$ cat model.json   # JSON, C-alpha atoms
[["chain", "number", "residue", "atom", "x", "y", "z"],
["A", 22, "MET", "CA", 0.00, 0.00, 0.00],
["A", 23, "ALA", "CA", 1.35, 3.46, -0.89],
["A", 24, "GLU", "CA", 2.63, 5.65, 1.92],
["A", 25, "THR", "CA", 0.44, 8.60, 2.81],
["A", 26, "ASP", "CA", 1.56, 11.95, 1.36],
["A", 27, "VAL", "CA", 2.64, 14.46, 3.97],
["A", 28, "GLU", "CA", 1.63, 17.50, 1.91],
["A", 29, "SER", "CA", -1.79, 19.01, 2.48],
["A", 30, "ILE", "CA", -4.39, 18.91, -0.30],
["A", 31, "THR", "CA", -4.44, 22.19, -2.22],
["A", 32, "GLY", "CA", -6.10, 23.52, -5.38],
["A", 33, "THR", "CA", -8.59, 26.02, -6.75],
["A", 34, "ASP", "CA", -10.14, 23.92, -9.54],
["A", 35, "PRO", "CA", -11.74, 20.64, -8.40],
["A", 36, "PHE", "CA", -11.76, 19.14, -11.89],
["A", 37, "LEU", "CA", -8.03, 19.73, -12.39],
["A", 38, "LEU", "CA", -7.37, 18.15, -9.01],
["A", 39, "PHE", "CA", -9.72, 15.26, -9.84],
["A", 40, "GLY", "CA", -7.86, 14.65, -13.08],
["A", 41, "GLU", "CA", -4.51, 14.55, -11.28],
["A", 42, "TRP", "CA", -5.79, 12.09, -8.69],
["A", 43, "MET", "CA", -7.42, 9.89, -11.33],
["A", 44, "LYS", "CA", -4.18, 9.66, -13.32],
["A", 45, "GLU", "CA", -2.36, 8.52, -10.19],
["A", 46, "ALA", "CA", -5.10, 6.00, -9.38],
["A", 47, "GLU", "CA", -4.94, 4.52, -12.88],
["A", 48, "LYS", "CA", -1.26, 3.72, -12.24],
["A", 49, "THR", "CA", -1.73, 2.14, -8.81],
["A", 50, "GLU", "CA", -5.20, 0.58, -8.56],
["A", 51, "PRO", "CA", -5.21, -3.13, -9.50],
["A", 52, "ASN", "CA", -8.76, -2.99, -10.92],
["A", 53, "ASP", "CA", -11.08, -0.31, -12.29],
["A", 54, "ALA", "CA", -9.71, 3.00, -11.06],
["A", 55, "THR", "CA", -12.86, 4.57, -12.53],
["A", 56, "ALA", "CA", -15.18, 2.53, -10.28],
["A", 57, "MET", "CA", -17.37, 4.69, -8.07],
["A", 58, "ALA", "CA", -20.18, 4.13, -5.61],
["A", 59, "LEU", "CA", -23.39, 5.75, -6.84],
["A", 60, "ALA", "CA", -25.91, 6.62, -4.13],
["A", 61, "THR", "CA", -29.52, 7.40, -5.03],
["A", 62, "ALA", "CA", -32.84, 7.58, -3.22],
["A", 63, "ASP", "CA", -36.34, 6.64, -4.28],
["A", 64, "ALA", "CA", -39.45, 8.81, -4.05],
["A", 65, "THR", "CA", -39.86, 7.91, -0.36],
["A", 66, "GLY", "CA", -36.30, 8.90, 0.46],
["A", 67, "LEU", "CA", -35.07, 5.32, 0.97],
["A", 68, "PRO", "CA", -31.39, 5.28, -0.10],
["A", 69, "ASP", "CA", -29.68, 2.80, -2.39],
["A", 70, "VAL", "CA", -26.05, 2.41, -3.49],
["A", 71, "ARG", "CA", -24.07, 0.37, -6.03],
["A", 72, "MET", "CA", -20.81, 0.47, -7.96],
["A", 73, "VAL", "CA", -20.74, 1.89, -11.50],
["A", 74, "LEU", "CA", -17.96, 3.01, -13.85],
["A", 75, "LEU", "CA", -17.17, 6.63, -14.63],
["A", 76, "LYS", "CA", -17.13, 7.21, -18.39],
["A", 77, "ASP", "CA", -16.40, 10.94, -18.58],
["A", 78, "ALA", "CA", -15.42, 13.74, -16.21],
["A", 79, "SER", "CA", -15.36, 17.39, -17.20],
["A", 80, "PRO", "CA", -16.44, 20.75, -15.74],
["A", 81, "GLU", "CA", -19.94, 19.82, -16.95],
["A", 82, "GLY", "CA", -20.02, 16.83, -14.60],
["A", 83, "PHE", "CA", -19.45, 13.11, -14.11],
["A", 84, "VAL", "CA", -21.03, 10.70, -16.62],
["A", 85, "PHE", "CA", -22.08, 7.06, -16.29],
["A", 86, "TYR", "CA", -24.33, 4.81, -18.40],
["A", 87, "THR", "CA", -27.08, 2.35, -17.49],
["A", 88, "ASN", "CA", -30.41, 0.80, -18.35],
["A", 89, "LEU", "CA", -32.96, 3.55, -17.77],
["A", 90, "GLU", "CA", -35.49, 0.97, -16.59],
["A", 91, "SER", "CA", -33.17, -0.38, -13.87],
["A", 92, "ALA", "CA", -33.60, 0.38, -10.17],
["A", 93, "LYS", "CA", -31.11, 3.23, -10.39],
["A", 94, "GLY", "CA", -32.81, 4.56, -13.52],
["A", 95, "ASP", "CA", -36.18, 4.57, -11.77],
["A", 96, "GLU", "CA", -34.75, 6.22, -8.65],
["A", 97, "LEU", "CA", -32.98, 8.93, -10.62],
["A", 98, "ALA", "CA", -36.20, 9.65, -12.53],
["A", 99, "GLU", "CA", -38.07, 10.00, -9.23],
["A", 100, "ASN", "CA", -35.36, 11.96, -7.44],
["A", 101, "PRO", "CA", -32.76, 13.46, -9.85],
["A", 102, "GLN", "CA", -30.07, 13.96, -7.23],
["A", 103, "ALA", "CA", -27.20, 11.64, -6.37],
["A", 104, "ALA", "CA", -23.84, 11.22, -4.70],
["A", 105, "LEU", "CA", -20.63, 9.53, -5.83],
["A", 106, "CYS", "CA", -17.68, 8.16, -3.93],
["A", 107, "PHE", "CA", -14.34, 7.16, -5.42],
["A", 108, "HIS", "CA", -12.12, 5.14, -3.08],
["A", 109, "TRP", "CA", -8.55, 4.30, -4.08],
["A", 110, "LYS", "CA", -7.16, 1.97, -1.45],
["A", 111, "SER", "CA", -3.71, 1.91, -3.04],
["A", 112, "LEU", "CA", -3.41, 5.68, -2.55],
["A", 113, "ARG", "CA", -5.45, 5.93, 0.67],
["A", 114, "ARG", "CA", -7.58, 8.62, -0.94],
["A", 115, "GLN", "CA", -11.24, 9.17, -1.67],
["A", 116, "ILE", "CA", -13.35, 11.76, -3.46],
["A", 117, "ARG", "CA", -17.00, 12.40, -2.61],
["A", 118, "VAL", "CA", -19.34, 14.22, -5.00],
["A", 119, "ARG", "CA", -22.91, 15.47, -4.58],
["A", 120, "GLY", "CA", -25.17, 17.14, -7.11],
["A", 121, "SER", "CA", -28.08, 17.08, -9.53],
["A", 122, "ILE", "CA", -28.70, 14.53, -12.27],
["A", 123, "SER", "CA", -29.59, 15.03, -15.92],
["A", 124, "ARG", "CA", -29.67, 12.77, -18.98],
["A", 125, "VAL", "CA", -26.88, 12.94, -21.53],
["A", 126, "THR", "CA", -27.89, 13.75, -25.09],
["A", 127, "ASP", "CA", -28.83, 11.00, -27.54],
["A", 128, "ALA", "CA", -25.74, 11.90, -29.55],
["A", 129, "GLU", "CA", -23.51, 11.36, -26.51],
["A", 130, "ALA", "CA", -25.19, 8.06, -25.69],
["A", 131, "ASP", "CA", -24.93, 6.87, -29.32],
["A", 132, "ALA", "CA", -21.24, 7.79, -29.47],
["A", 133, "TYR", "CA", -20.38, 5.94, -26.28],
["A", 134, "PHE", "CA", -22.53, 2.90, -27.12],
["A", 135, "ALA", "CA", -20.67, 2.55, -30.42],
["A", 136, "THR", "CA", -17.37, 2.14, -28.52],
["A", 137, "ARG", "CA", -18.60, -0.83, -26.47],
["A", 138, "ALA", "CA", -17.70, -4.40, -27.33],
["A", 139, "LYS", "CA", -20.42, -6.05, -29.42],
["A", 140, "ASP", "CA", -21.12, -8.61, -26.69],
["A", 141, "SER", "CA", -21.73, -5.75, -24.25],
["A", 142, "GLN", "CA", -24.01, -4.05, -26.77],
["A", 143, "ILE", "CA", -26.03, -7.25, -27.11],
["A", 144, "GLY", "CA", -26.14, -7.54, -23.32],
["A", 145, "ALA", "CA", -27.78, -4.12, -23.14],
["A", 146, "TRP", "CA", -30.65, -5.55, -25.22],
["A", 147, "ALA", "CA", -30.81, -8.93, -23.50],
["A", 148, "SER", "CA", -30.82, -7.86, -19.85],
["A", 149, "ARG", "CA", -34.01, -6.49, -18.29],
["A", 150, "GLN", "CA", -31.88, -5.00, -15.57],
["A", 151, "SER", "CA", -33.11, -5.17, -11.95],
["A", 152, "ARG", "CA", -36.20, -7.23, -12.85],
["A", 153, "PRO", "CA", -36.84, -10.80, -11.68],
["A", 154, "LEU", "CA", -34.92, -13.58, -13.45],
["A", 155, "GLU", "CA", -36.30, -17.14, -13.36],
["A", 156, "GLY", "CA", -32.92, -18.71, -14.09],
["A", 157, "ARG", "CA", -29.67, -18.22, -15.98],
["A", 158, "PHE", "CA", -31.11, -19.98, -19.03],
["A", 159, "GLU", "CA", -33.67, -17.20, -19.45],
["A", 160, "LEU", "CA", -30.85, -14.65, -19.77],
["A", 161, "GLU", "CA", -28.78, -16.86, -22.06],
["A", 162, "LYS", "CA", -31.82, -17.34, -24.32],
["A", 163, "GLU", "CA", -32.23, -13.57, -24.65],
["A", 164, "VAL", "CA", -28.53, -13.15, -25.37],
["A", 165, "ALA", "CA", -28.76, -15.79, -28.12],
["A", 166, "ARG", "CA", -31.84, -14.13, -29.59],
["A", 167, "TYR", "CA", -30.19, -10.73, -29.93],
["A", 168, "ALA", "CA", -26.87, -12.21, -31.02],
["A", 169, "ALA", "CA", -28.72, -13.83, -33.92],
["A", 170, "LYS", "CA", -30.59, -10.61, -34.71],
["A", 171, "TYR", "CA", -27.37, -8.60, -34.93],
["A", 172, "ALA", "CA", -25.09, -11.34, -36.26],
["A", 173, "ILE", "CA", -24.26, -9.55, -39.50],
["A", 174, "LYS", "CA", -25.08, -5.95, -38.69],
["A", 175, "SER", "CA", -24.16, -3.29, -36.16],
["A", 176, "VAL", "CA", -26.08, -3.13, -32.90],
["A", 177, "ASP", "CA", -28.46, -0.21, -32.42],
["A", 178, "ARG", "CA", -28.50, 1.49, -29.05],
["A", 179, "PRO", "CA", -31.66, 0.49, -27.16],
["A", 180, "ALA", "CA", -33.97, 3.39, -26.35],
["A", 181, "HIS", "CA", -33.95, 2.23, -22.72],
["A", 182, "TRP", "CA", -30.14, 2.49, -22.46],
["A", 183, "SER", "CA", -28.47, 5.87, -21.98],
["A", 184, "GLY", "CA", -26.37, 7.92, -19.63],
["A", 185, "PHE", "CA", -26.65, 10.33, -16.75],
["A", 186, "ARG", "CA", -24.52, 13.32, -15.85],
["A", 187, "LEU", "CA", -24.08, 14.37, -12.24],
["A", 188, "THR", "CA", -23.46, 18.12, -12.10],
["A", 189, "PRO", "CA", -21.75, 18.71, -8.76],
["A", 190, "VAL", "CA", -22.41, 21.36, -6.15],
["A", 191, "GLN", "CA", -19.98, 19.74, -3.70],
["A", 192, "ILE", "CA", -16.73, 17.82, -4.19],
["A", 193, "GLU", "CA", -14.65, 16.67, -1.24],
["A", 194, "PHE", "CA", -11.08, 15.39, -1.52],
["A", 195, "TRP", "CA", -9.96, 13.16, 1.37],
["A", 196, "LYS", "CA", -6.46, 11.90, 2.09],
["A", 197, "ASP", "CA", -5.42, 9.52, 4.84],
["A", 198, "ARG", "CA", -3.08, 10.88, 7.50],
["A", 199, "PRO", "CA", -1.54, 9.16, 10.53],
["A", 200, "PHE", "CA", -3.60, 8.71, 13.70],
["A", 201, "ARG", "CA", -6.84, 9.33, 11.73],
["A", 202, "LEU", "CA", -6.00, 13.05, 11.42],
["A", 203, "HIS", "CA", -7.05, 12.97, 7.77],
["A", 204, "ASP", "CA", -6.77, 15.87, 5.33],
["A", 205, "ARG", "CA", -10.08, 17.08, 3.84],
["A", 206, "LEU", "CA", -10.59, 19.82, 1.24],
["A", 207, "VAL", "CA", -14.14, 20.69, 0.14],
["A", 208, "PHE", "CA", -15.27, 22.64, -2.92],
["A", 209, "GLN", "CA", -18.83, 23.97, -2.68],
["A", 210, "ARG", "CA", -21.13, 26.20, -4.73],
["A", 211, "GLY", "CA", -24.75, 27.15, -4.38],
["A", 212, "ALA", "CA", -25.60, 26.30, -8.00],
["A", 213, "PRO", "CA", -23.75, 24.96, -11.06],
["A", 214, "ASP", "CA", -23.29, 28.47, -12.50],
["A", 215, "MET", "CA", -21.76, 29.87, -9.30],
["A", 216, "PRO", "CA", -18.03, 29.98, -8.42],
["A", 217, "TRP", "CA", -16.48, 27.37, -6.17],
["A", 218, "GLN", "CA", -15.69, 28.14, -2.54],
["A", 219, "THR", "CA", -13.15, 26.02, -0.68],
["A", 220, "SER", "CA", -12.76, 25.08, 2.94],
["A", 221, "LYS", "CA", -10.89, 22.61, 5.10],
["A", 222, "LEU", "CA", -12.76, 20.24, 7.42],
["A", 223, "PHE", "CA", -11.84, 18.59, 10.67],
["A", 224, "PRO", "CA", -11.17, 14.88, 10.07]]
$ encode --input "model.json" --output "structure tokens"
Amino acid sequence: MAETDVESITGTDPFLLFGEWMKEAEKTEPNDATAMALATADATGLPDVRMVLLKDASPEGFVFYTNLESAKGDELAENPQAALCFHWKSLRRQIRVRGSISRVTDAEADAYFATRAKDSQIGAWASRQSRPLEGRFELEKEVARYAAKYAIKSVDRPAHWSGFRLTPVQIEFWKDRPFRLHDRLVFQRGAPDMPWQTSKLFP
């Protein structure tokens, strides 16, 4: 495990700092440096969380893709707010993000879908994500059906498969320090069009 940095977290642009940390994580994490916990809540306020993969990060926000008819898709439609958490054990760092959710454009979704492996594209058609499955054979049958349908042609993006963008109003950078005296730097803004304010937090 990497030794903890002794320097305090500094920066004025959270996306530049995020990019620097992500580049380091991609060198040290054994699997999926872009993995992040996505927390949502349903219409009653009951929370839910799962791991997803980050597909784009820019000043506009953090993008991930999913089946819109999945549990997370339903929850984000009911309550278009979410939180993310990146945890890089190799670096003893984490980043927490909170903000509002919006759909990516069809053009963005089409462009990303086209980069996926064909088997993954077929899986997007075959899996009725989050809904009851009688047995593995039921899924395999659906995979075979769509594999045959698209055997000699490109796979269209399903209308129920797209992406979400989390536009942050808060981003916290956390770094482990000895004796649990961790370093925490928070960027906050009242709305996406407002400037960032920074502050340090007690660990």
$ closest_residue --input "model.json" --among "A:Ile173, A:Val84, A:Val73, A:Ala64" --to "A:Glu99" --atoms "all atoms listed in the file"
A:Ala64
$ atom_distance --input "model.json" --atom1 "atom CA of A:Phe185" --atom2 "atom CA of A:Thr87"
8.0 Å
$ residues_around --input "model.json" --residues "A:Pro101" --least-positions-apart "3" --cutoff "12 Å" --atoms "all atoms listed in the file" --output "list in words"
Ala60, Thr61, Ala62, Asp63, Ala64, Gly66, Lys93, Gly94, Asp95, Glu96, Leu97, Ala98, Ala104, Arg119, Gly120, Ser121, Ile122, Ser123, Arg124, Phe185, Arg186, Leu187 and Thr188 of chain A
$ atom_distance --input "model.json" --atom1 "atom CA of A:Lys196" --atom2 "atom CA of A:Arg114"
4.6 Å
$ closest_residue --input "model.json" --among "A:Lys221, A:Lys76, A:Lys48, A:Arg166" --to "A:Ser111" --atoms "all atoms listed in the file"
A:Lys48
$ closest_residue --input "model.json" --among "A:Pro224, A:Gly82, A:Pro216, A:Gly144" --to "A:Asp34" --atoms "only C-alpha atoms"
A:Pro216
$ residues_around --input "model.json" --residues "A:Phe223" --least-positions-apart "6" --cutoff "10 Å" --atoms "only C-alpha atoms" --output "mmCIF file with C-alpha atoms, keeping the file's coordinate frame"
data_model
loop_
_atom_site.group_PDB
_atom_site.id
_atom_site.type_symbol
_atom_site.label_atom_id
_atom_site.label_comp_id
_atom_site.auth_asym_id
_atom_site.auth_seq_id
_atom_site.Cartn_x
_atom_site.Cartn_y
_atom_site.Cartn_z
ATOM 1 C CA LEU A 202 -6.000 13.050 11.420
ATOM 2 C CA HIS A 203 -7.050 12.970 7.770
ATOM 3 C CA ASP A 204 -6.770 15.870 5.330
ATOM 4 C CA ARG A 205 -10.080 17.080 3.840
ATOM 5 C CA LEU A 206 -10.590 19.820 1.240
#
$ residues_near_point --input "model.json" --point "(-28.3, 9.7, -23.0)" --cutoff "6 Å" --atoms "only C-alpha atoms" --output "count of residues only"
7
$ closest_residue --input "model.json" --among "A:Ala138, A:Val176, A:Val164, A:Val190" --to "A:Ala103" --atoms "all atoms listed in the file"
A:Val190
$ axis_aligned_box --input "model.json" --around "stretch 41-48 of chain A" --padding-each-side "3 Å" --output "JSON"
{"center_x": -4.3, "center_y": 9.1, "center_z": -11.0, "size_x": 12.2, "size_y": 16.8, "size_z": 10.6}
$ atom_distance --input "model.json" --atom1 "atom CA of A:Leu75" --atom2 "atom CA of A:Phe36"
13.9 Å
$ residues_around --input "model.json" --residues "A:Ala145" --least-positions-apart "5" --cutoff "10 Å" --atoms "all atoms listed in the file" --output "PDB file with C-alpha atoms, keeping the file's coordinate frame"
ATOM      1  CA  THR A  87     -27.080   2.350 -17.490  1.00  0.00           C
ATOM      2  CA  ASN A  88     -30.410   0.800 -18.350  1.00  0.00           C
ATOM      3  CA  PHE A 134     -22.530   2.900 -27.120  1.00  0.00           C
ATOM      4  CA  LYS A 139     -20.420  -6.050 -29.420  1.00  0.00           C
ATOM      5  CA  ASP A 140     -21.120  -8.610 -26.690  1.00  0.00           C
ATOM      6  CA  GLN A 150     -31.880  -5.000 -15.570  1.00  0.00           C
ATOM      7  CA  VAL A 164     -28.530 -13.150 -25.370  1.00  0.00           C
ATOM      8  CA  TYR A 167     -30.190 -10.730 -29.930  1.00  0.00           C
ATOM      9  CA  VAL A 176     -26.080  -3.130 -32.900  1.00  0.00           C
ATOM     10  CA  ARG A 178     -28.500   1.490 -29.050  1.00  0.00           C
ATOM     11  CA  PRO A 179     -31.660   0.490 -27.160  1.00  0.00           C
ATOM     12  CA  HIS A 181     -33.950   2.230 -22.720  1.00  0.00           C
ATOM     13  CA  TRP A 182     -30.140   2.490 -22.460  1.00  0.00           C
TER      14      TRP A 182
END
$ closest_residue --input "model.json" --among "A:Leu67, A:Ile192, A:Ala92, A:Thr33" --to "A:Pro153" --atoms "all atoms listed in the file"
A:Ala92
$ residues_around --input "model.json" --residues "A:Gly40" --least-positions-apart "6" --cutoff "10 Å" --atoms "all atoms listed in the file" --output "list in words"
Ala46, Ala78 and Ser79 of chain A
$ build_atoms --input "model.json" --residues "stretch 199-224 of chain A" --atoms "N, CA and C atoms" --output "mmCIF file, in the frame of the given file"
data_model
loop_
_atom_site.group_PDB
_atom_site.id
_atom_site.type_symbol
_atom_site.label_atom_id
_atom_site.label_comp_id
_atom_site.auth_asym_id
_atom_site.auth_seq_id
_atom_site.Cartn_x
_atom_site.Cartn_y
_atom_site.Cartn_z
ATOM 1 N N PRO A 199 -1.740 9.985 9.339
ATOM 2 C CA PRO A 199 -1.540 9.160 10.530
ATOM 3 C C PRO A 199 -2.472 9.536 11.678
ATOM 4 N N PHE A 200 -2.798 8.547 12.486
ATOM 5 C CA PHE A 200 -3.600 8.710 13.700
ATOM 6 C C PHE A 200 -5.004 9.240 13.384
ATOM 7 N N ARG A 201 -5.496 8.938 12.173
ATOM 8 C CA ARG A 201 -6.840 9.330 11.730
ATOM 9 C C ARG A 201 -7.026 10.851 11.678
ATOM 10 N N LEU A 202 -5.935 11.590 11.566
ATOM 11 C CA LEU A 202 -6.000 13.050 11.420
ATOM 12 C C LEU A 202 -5.986 13.371 9.923
ATOM 13 N N HIS A 203 -7.011 12.914 9.230
ATOM 14 C CA HIS A 203 -7.050 12.970 7.770
ATOM 15 C C HIS A 203 -7.154 14.411 7.257
ATOM 16 N N ASP A 204 -6.720 14.571 6.003
ATOM 17 C CA ASP A 204 -6.770 15.870 5.330
ATOM 18 C C ASP A 204 -8.009 15.915 4.450
ATOM 19 N N ARG A 205 -8.837 16.966 4.604
ATOM 20 C CA ARG A 205 -10.080 17.080 3.840
ATOM 21 C C ARG A 205 -10.199 18.487 3.256
ATOM 22 N N LEU A 206 -10.376 18.557 1.939
ATOM 23 C CA LEU A 206 -10.590 19.820 1.240
ATOM 24 C C LEU A 206 -11.914 19.730 0.498
ATOM 25 N N VAL A 207 -12.805 20.702 0.741
ATOM 26 C CA VAL A 207 -14.140 20.690 0.140
ATOM 27 C C VAL A 207 -14.310 21.882 -0.789
ATOM 28 N N PHE A 208 -14.846 21.606 -1.977
ATOM 29 C CA PHE A 208 -15.270 22.640 -2.920
ATOM 30 C C PHE A 208 -16.793 22.669 -2.891
ATOM 31 N N GLN A 209 -17.378 23.844 -2.725
ATOM 32 C CA GLN A 209 -18.830 23.970 -2.680
ATOM 33 C C GLN A 209 -19.281 25.176 -3.496
ATOM 34 N N ARG A 210 -20.503 25.072 -4.044
ATOM 35 C CA ARG A 210 -21.130 26.200 -4.730
ATOM 36 C C ARG A 210 -22.634 26.062 -4.591
ATOM 37 N N GLY A 211 -23.312 27.185 -4.581
ATOM 38 C CA GLY A 211 -24.750 27.150 -4.380
ATOM 39 C C GLY A 211 -25.525 26.628 -5.562
ATOM 40 N N ALA A 212 -24.956 26.756 -6.754
ATOM 41 C CA ALA A 212 -25.600 26.300 -8.000
ATOM 42 C C ALA A 212 -24.501 26.068 -9.032
ATOM 43 N N PRO A 213 -24.784 25.278 -10.080
ATOM 44 C CA PRO A 213 -23.750 24.960 -11.060
ATOM 45 C C PRO A 213 -23.130 26.164 -11.765
ATOM 46 N N ASP A 214 -23.841 27.297 -11.825
ATOM 47 C CA ASP A 214 -23.290 28.470 -12.500
ATOM 48 C C ASP A 214 -22.595 29.423 -11.531
ATOM 49 N N MET A 215 -22.412 29.027 -10.292
ATOM 50 C CA MET A 215 -21.760 29.870 -9.300
ATOM 51 C C MET A 215 -20.308 29.437 -9.107
ATOM 52 N N PRO A 216 -19.440 30.342 -8.634
ATOM 53 C CA PRO A 216 -18.030 29.980 -8.420
ATOM 54 C C PRO A 216 -17.864 29.044 -7.231
ATOM 55 N N TRP A 217 -16.782 28.285 -7.258
ATOM 56 C CA TRP A 217 -16.480 27.370 -6.170
ATOM 57 C C TRP A 217 -15.911 28.128 -4.962
ATOM 58 N N GLN A 218 -16.294 27.678 -3.797
ATOM 59 C CA GLN A 218 -15.690 28.140 -2.540
ATOM 60 C C GLN A 218 -15.018 26.933 -1.901
ATOM 61 N N THR A 219 -13.875 27.139 -1.291
ATOM 62 C CA THR A 219 -13.150 26.020 -0.680
ATOM 63 C C THR A 219 -13.045 26.193 0.815
ATOM 64 N N SER A 220 -12.956 25.061 1.495
ATOM 65 C CA SER A 220 -12.760 25.080 2.940
ATOM 66 C C SER A 220 -12.127 23.761 3.370
ATOM 67 N N LYS A 221 -11.442 23.802 4.497
ATOM 68 C CA LYS A 221 -10.890 22.610 5.100
ATOM 69 C C LYS A 221 -11.843 22.137 6.195
ATOM 70 N N LEU A 222 -11.904 20.816 6.395
ATOM 71 C CA LEU A 222 -12.760 20.240 7.420
ATOM 72 C C LEU A 222 -11.942 19.470 8.450
ATOM 73 N N PHE A 223 -12.425 19.476 9.683
ATOM 74 C CA PHE A 223 -11.840 18.590 10.670
ATOM 75 C C PHE A 223 -12.000 17.151 10.185
ATOM 76 N N PRO A 224 -11.048 16.267 10.513
ATOM 77 C CA PRO A 224 -11.170 14.880 10.070
ATOM 78 C C PRO A 224 -12.275 14.141 10.799
#
